[in-house]
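The structure appears below as structure tokens.
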Amino acid sequence: MTAPTVARVLVDSSLPQLDRLFDYGIPEPLRESVIPGVRVKVPLRSVGRMADGLVVEVTSEGEYTGTLSAVESVVSPIPVLAPEVWALARRAADRAAGSANDIVRLAVPTRQVRVEKAYLAGIADLPPASVVPPEIRGYEPGVVEDILARGVRAAVDAIPLVHEVPSAEGSRWVGEWAVFLAATAARTLAAGRSAILSVPDYRDQDQLEAALRAVIPASGVVRLDARQSNPDRYRQFLACLGDAPRVIVGNRSVVYAPAANLGLIAVWDDGDPLHSEPLAPYVHTRDAALLRQEQQGCALLLVSHSRTTEAERLVELGWLQSVSPVPAYSPKVIPTVHQSGGERLAVQARIPSSAWQAARRALETGPVLVQVARPGYAPRLACADCDQTARCARCEGPLQQKTARSVPGCAWCGALAVDWRCSNCDGTKLRLAGNGATRTAEDLGRAFPGVRIIIADGERSVLTVGKEPALVIATRGAEPIAAGGYRAVLLLDGERMVARESLRVGEDCLRWWSNAIALAARGAPTLIVGVGGALATALVTWKQSAYASRELDDRRRLRFPPAVRVATVTGTIEAVARAVTASGIVGGDVLGPVDVAPGTVRTILRFDYARGAEVAADLRAELVRAATSRRRPSASARTRPASSSTLRIRLDDIEPFLEG
DNA sequence: AGCACGCCGACT
DNA sequence: GTCGGCGTGCTC
């Protein structure tokens with residue numbers, strides 16, 4: 001075998017035409033230090049001559065037949081891009097018709113020289129944390145253990161209860177799901193393998209870390225999350241490198257973390273929109289996890305209280321095994337309708353008297369959770385005469401009132417509506433329409449005099465509450481965990497939540513409600529107001545997967561995602577037309593074009609999963625063409641708004657379907 | 001993106 | 001005859 005003299009380098013550039021490997025010669029003095037994964041500087045015609053890059057591969061024969069340039073220098077000796085992470089980035093990017101570079105940017109944090117120096121100085125490869133794996137409780141004995149051992153994929157229904165774990169302060173309560181994930185991670189670690197755990201937000205991360213601390217020594221856990229400072233993030237990233245297995249916990253991009261001997265990837269609550277990557281090429285945590293599982297043969301768990309249609313599709317395909325708790329436990333869910341009359345205090349608080357009575361009873365023994373849809377006081381104001389939504393005179397934004405005493409203002413520009421006049425009927429009086437958490441709290445405070453009220457919403461974050469009686473009023477997704485579980489749960493704004501126009505509205509509501517119900521104590525009642533039909537049935541029977549299955553059937557009938565894949569193609573009318581032609585998709589699967597901005601149109605393409613790779617490749621090729629040969633001449637660029645680029649392509653974006 | 005190469009109009 | 005316009009294409 002000849003000496004490796006060629007470095008295959010990924011050049012750091014966001015240009016689609018440069019998103020491939022470039023071959024460089026390795027000069028003699030750099031033979032030892034140019035190894036896969038290290039950061040290098042390489043000459044590149046353009047980009048100011050010298051570009052940053054990452055060595056992906058070192059080989060004796062490259063693919064380029066021309067004269068090679070030479071690697072200029074090695075920036076840092078640390079191999080930050082693991083081969084399997086590169087393989088994942090390439091594959092995920094190809095599937096999304098995007099750039100591997102964009103994914104590598106998510107996978108490898110920016111370099112921090114000081115942090116790196118400290119790391120290199122103190123590489124004390126800590127001995128692997130010794131772990132006694134706890135028993136995995138609540139499922140058929142051996143089933144989950146077997147999934148972990150064999151590297152199988154599964155969709156797991158979480159146990160809808162809370163659990164007490166020991167902590168530095170004595171003890172604290174977390175969702176049973178977190179205890180389950182911690183146990184699977186500990187088991188993986190005990191087998192000498194790494195585990196990656198991805199959660200949507202810091203509140204879930206907080207619970208999961210608490211559960212992990214109870215079973216794994218601190219040295220065995222690494223956290224990577226978006227709230228860390230750059231140096232912190234880089235320090236934690238470096239801690240993932242090396243041969244010692246670790247449990248790596250973080251938010252969506254943690255699925256790209258380097259992990260020695262990866263044994264498990266677990267995603268908690270894959271329906272949470274925070275798992276949907278907002279940066280190009282918009283790869284969802286679940287999809288990245290599925291690709292990585294396939295490439296590395298580790299176990300994969302999608303754990304949630306309510307199954308997404310995406311996961312259900314994979315279950316029905318046999319790609320995911322479906323795992324449910326044994327013995328099954330169904331929370332006590334009672335659908336309730338609005339009724340006139342009844343208790344005076346209940347009427348005052350706009351809740352059914354049965355809910356009022358249940359809450360009052362529960363408040364004798366502990367905390368009660370009230371879930372509302374929106375924060376603030378009166379999120380919407382309307383004309384008292386004609387009922388038209390009140391809008392800002394300056395910018396047409398909707399008016400809202402933040403507290404009971406505050407002057408109404410514009411939700412968009414903040415302007416105070418001092419001399420408001422209805423644009424429809426010229427009326428000058430405003431009426432409160434809609435209740436925010438604050439207003440609901442006021443009303444409930446009157447209905448339950450003397451009871452302590454705790455408000456938890458986006459602005460007032462509360463992670464935990466004690467077991468003493470209190471009314472906890474929370475916007476969806478911001479519910480604190482109560483010690484011992486809530487003694488009752490009231491889901492108040494069901495009607496309003498369902499009324500939202502969205503392809504996912506059913507799924508989303510089911511997820512919000514299921515997650516709130518899972519915070520109740522065993523046997524505690526949940527009253528859900530104003531919701532019936534399939535959603536209520538799914539909650540009462542605690543069969544979210546059955547709902548997802550029906551929903552998926554509907555999507556199949558309509559040829560909507562996730563029954564099919566979609567590509568959103570946006571740009572000039574000519575560029576979009578060319579891309580549509582290149583995709584080879586015709587007929588009813590071409591939706592549009594529709595105007596989205598002056599000079600910009602959007603077309604949605606639908607295609608079956610089997611054709612996905614081909615369509616993505618065709619669209620990608622067209623994107624590269626548009627970026628190179630079809631350079632915008634300055635003349636026509638001036639006639640176009642500066643914002644509209646020639647061509648943009650996004651795969652599997654359901655936003656355009658949200659309008660129904 | 002940058003930057004070189006290339007093929008038609010005004011100039012020493 | 002050459003200098004230079006920016007349209008076209010490439011970057012190992």
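Going through the structure tokens in order, the chains are called A, B, and so on, while each chain numbers its residues from 1 and the ligands are numbered from 1 in the order shown.
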Original post:
Any idea which chain B residues end up within 7 Å of chain A if we count only C-alpha atoms (C1' of nucleotides), as an NGL selection string please?
Top reply: :B and (1-3)
**OP:** Report as a count of residues only: the residues of range 117-199 of chain A with a DSSP assignment of strand (DSSP E), based on the backbone of this structure.
**Re:** 22
Subject >> Non-local contacts of range 391-398 of chain A (6 Å; only C-alpha atoms (C1' of nucleotides); under 4 positions in same chain excluded) as a list in words >> reply: Cys410, Ala411 and Trp412 of chain A
**OP:** From range 83-225 of chain A, collect each residue whose DSSP state is helix (DSSP H, G or I) and return the set as a PyMOL selection string.
**Re:** chain A and resi 83-95+100-107+113-121+143-150+176-190+202-213+218-220
Would you give me, as a Markdown table, each residue of chain A having an atom within 12 Å of an atom of chain C, along with its shortest atom pair and that distance in Å to one decimal, using only C-alpha atoms (C1' of nucleotides) and sorting by chain and residue number?
| residue | atom | partner | partner_atom | distance |
| --- | --- | --- | --- | --- |
| A:Val6 | CA | C:DC12 | C1' | 10.2 |
| A:Ala7 | CA | C:DC12 | C1' | 9.9 |
| A:Arg8 | CA | C:DC12 | C1' | 8.7 |
| A:Val9 | CA | C:DC12 | C1' | 8.9 |
| A:Leu10 | CA | C:DC12 | C1' | 10.6 |
| A:Val11 | CA | C:DC12 | C1' | 10.3 |
| A:Ser13 | CA | C:DT11 | C1' | 11.5 |
| A:Leu15 | CA | C:DT11 | C1' | 11.1 |
| A:Gln17 | CA | C:DT11 | C1' | 9.1 |
| A:Leu18 | CA | C:DT11 | C1' | 7.6 |
| A:Asp19 | CA | C:DT11 | C1' | 11.2 |
| A:Arg20 | CA | C:DC12 | C1' | 10.3 |
| A:Leu21 | CA | C:DC12 | C1' | 8.1 |
| A:Phe22 | CA | C:DC12 | C1' | 4.5 |
| A:Asp23 | CA | C:DC12 | C1' | 4.5 |
| A:Tyr24 | CA | C:DC12 | C1' | 5.9 |
| A:Gly25 | CA | C:DC12 | C1' | 9.0 |
| A:Val42 | CA | C:DC12 | C1' | 9.7 |
| A:Pro43 | CA | C:DC12 | C1' | 9.1 |
| A:Leu44 | CA | C:DT11 | C1' | 6.2 |
| A:Arg45 | CA | C:DT11 | C1' | 5.2 |
| A:Ser46 | CA | C:DT11 | C1' | 6.8 |
| A:Val47 | CA | C:DT11 | C1' | 9.1 |
| A:Gly48 | CA | C:DT11 | C1' | 11.6 |
| A:Arg49 | CA | C:DT11 | C1' | 10.0 |
| A:Met50 | CA | C:DT11 | C1' | 11.6 |
| A:Ala51 | CA | C:DT11 | C1' | 11.2 |
| A:Gly62 | CA | C:DC12 | C1' | 9.5 |
| A:Glu63 | CA | C:DC12 | C1' | 9.3 |
| A:Tyr64 | CA | C:DC12 | C1' | 6.6 |
| A:Thr65 | CA | C:DC12 | C1' | 9.0 |
| A:Gly66 | CA | C:DC12 | C1' | 7.7 |
| A:Thr67 | CA | C:DC12 | C1' | 7.8 |
| A:Leu68 | CA | C:DC12 | C1' | 5.8 |
| A:Ser69 | CA | C:DC12 | C1' | 6.6 |
| A:Ala70 | CA | C:DC12 | C1' | 9.1 |
| A:Val71 | CA | C:DC12 | C1' | 10.4 |
| A:Arg625 | CA | C:DG9 | C1' | 11.0 |
| A:Ala627 | CA | C:DG9 | C1' | 11.4 |
| A:Thr628 | CA | C:DG9 | C1' | 7.6 |
| A:Ser629 | CA | C:DT8 | C1' | 7.2 |
| A:Arg630 | CA | C:DT8 | C1' | 9.4 |
| A:Arg631 | CA | C:DT8 | C1' | 9.0 |
| A:Arg632 | CA | C:DG7 | C1' | 10.7 |
| A:Pro633 | CA | C:DG7 | C1' | 8.7 |
| A:Ser634 | CA | C:DC6 | C1' | 10.8 |
Atoms kept (C-alpha atoms) for selection, written as a compact mmCIF listing (two decimals), in the first residue's frame:
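As a result, out-v9.txt now contains:
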# COMPACT_ATOMS: atom_id res chain seq x y z
CA VAL A 6 -4.05 12.93 -0.76
CA ALA A 7 -6.34 14.66 1.70
CA ARG A 8 -10.01 14.85 0.77
CA VAL A 9 -11.24 18.11 2.25
CA LEU A 10 -14.66 19.63 2.91
CA VAL A 11 -14.18 23.34 2.29
CA SER A 13 -18.44 27.42 2.30
CA LEU A 15 -22.12 27.75 -1.74
CA GLN A 17 -21.52 24.26 -5.86
CA LEU A 18 -18.65 23.90 -3.39
CA ASP A 19 -20.45 21.41 -1.18
CA ARG A 20 -18.28 18.42 -2.10
CA LEU A 21 -14.84 17.09 -1.35
CA PHE A 22 -11.71 18.67 -2.83
CA ASP A 23 -8.47 16.74 -3.14
CA TYR A 24 -5.24 18.26 -1.87
CA GLY A 25 -1.71 16.99 -1.74
CA VAL A 42 -6.33 25.00 1.97
CA PRO A 43 -5.87 27.20 -1.07
CA LEU A 44 -8.97 27.66 -3.16
CA ARG A 45 -9.24 29.86 -6.18
CA SER A 46 -11.67 32.47 -4.85
CA VAL A 47 -12.67 32.84 -1.19
CA GLY A 48 -9.64 35.11 -0.71
CA ARG A 49 -7.33 32.30 -1.81
CA MET A 50 -7.24 30.49 1.52
CA ALA A 51 -10.20 28.62 2.89
CA GLY A 62 -7.72 10.82 -4.82
CA GLU A 63 -10.43 11.15 -7.41
CA TYR A 64 -9.15 14.33 -9.01
CA THR A 65 -7.01 13.85 -12.09
CA GLY A 66 -5.65 17.39 -12.42
CA THR A 67 -2.72 18.91 -10.60
CA LEU A 68 -3.31 18.98 -6.87
CA SER A 69 -2.75 21.98 -4.66
CA ALA A 70 -1.26 21.26 -1.29
CA VAL A 71 -2.77 21.56 2.18
CA ARG A 625 -27.16 25.11 -11.80
CA ALA A 627 -26.41 29.19 -8.42
CA THR A 628 -23.72 28.99 -11.09
CA SER A 629 -24.79 29.33 -14.70
CA ARG A 630 -27.84 31.39 -13.99
CA ARG A 631 -26.05 34.28 -12.34
CA ARG A 632 -28.37 37.21 -11.93
CA PRO A 633 -27.40 39.97 -14.32
CA SER A 634 -27.46 43.27 -12.46
Original post:
Any idea what the distance is between CA of Gly175 in chain A and CA of Ala211 in chain A?
Top reply: 9.0 Å
Original post:
Leaving out Arg555 in chain A and any residue of its chain fewer than 6 positions from it, which residues lie within 12 Å of it when counting only C-alpha atoms (C1' of nucleotides), given as a PyMOL selection string?
Top reply: chain A and resi 309-310+313+503-504+548-549+561-565+657
Suppose we keep N, CA and C atoms; can you now write the selection as a compact mmCIF listing (two decimals), in the first residue's frame?
# COMPACT_ATOMS: atom_id res chain seq x y z
N THR A 309 -47.77 11.30 13.53
CA THR A 309 -48.14 10.55 12.32
C THR A 309 -46.88 10.02 11.63
N GLU A 310 -45.78 10.75 11.76
CA GLU A 310 -44.52 10.30 11.16
C GLU A 310 -44.06 8.98 11.79
N ARG A 313 -46.44 6.12 10.88
CA ARG A 313 -46.18 5.62 9.53
C ARG A 313 -45.06 4.59 9.55
N LEU A 503 -52.58 21.79 9.57
CA LEU A 503 -52.62 20.38 9.21
C LEU A 503 -52.41 19.51 10.44
N ARG A 504 -51.64 20.04 11.39
CA ARG A 504 -51.25 19.25 12.55
C ARG A 504 -52.11 19.54 13.75
N ALA A 548 -53.31 8.66 15.76
CA ALA A 548 -52.29 8.93 14.74
C ALA A 548 -52.52 8.07 13.50
N SER A 549 -52.95 6.84 13.74
CA SER A 549 -53.20 5.92 12.63
C SER A 549 -54.35 6.41 11.75
N PRO A 561 -48.43 15.15 3.52
CA PRO A 561 -47.39 14.61 4.37
C PRO A 561 -47.96 14.23 5.74
N PRO A 562 -47.43 13.22 6.43
CA PRO A 562 -46.25 12.45 6.02
C PRO A 562 -46.57 11.22 5.18
N ALA A 563 -47.77 11.14 4.60
CA ALA A 563 -48.06 9.99 3.73
C ALA A 563 -47.21 10.05 2.47
N VAL A 564 -46.89 11.26 2.06
CA VAL A 564 -45.98 11.47 0.92
C VAL A 564 -44.91 12.46 1.38
N ARG A 565 -43.86 12.57 0.60
CA ARG A 565 -42.87 13.62 0.87
C ARG A 565 -43.23 14.82 -0.01
N PHE A 657 -48.87 23.60 4.24
CA PHE A 657 -50.12 22.88 4.43
C PHE A 657 -50.86 23.37 5.66
Original post:
Quick one, how far is CA of Pro598 in chain A from CA of Leu651 in chain A?
Top reply: 23.0 Å
Original post:
What is the CA of Thr570 in chain A-CA of Asp618 in chain A distance in Å, reported with one decimal?
Top reply: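 Taking CA of Thr570 in chain A as the start and CA of Asp618 in chain A as the end point, the length is 15.4 Å.
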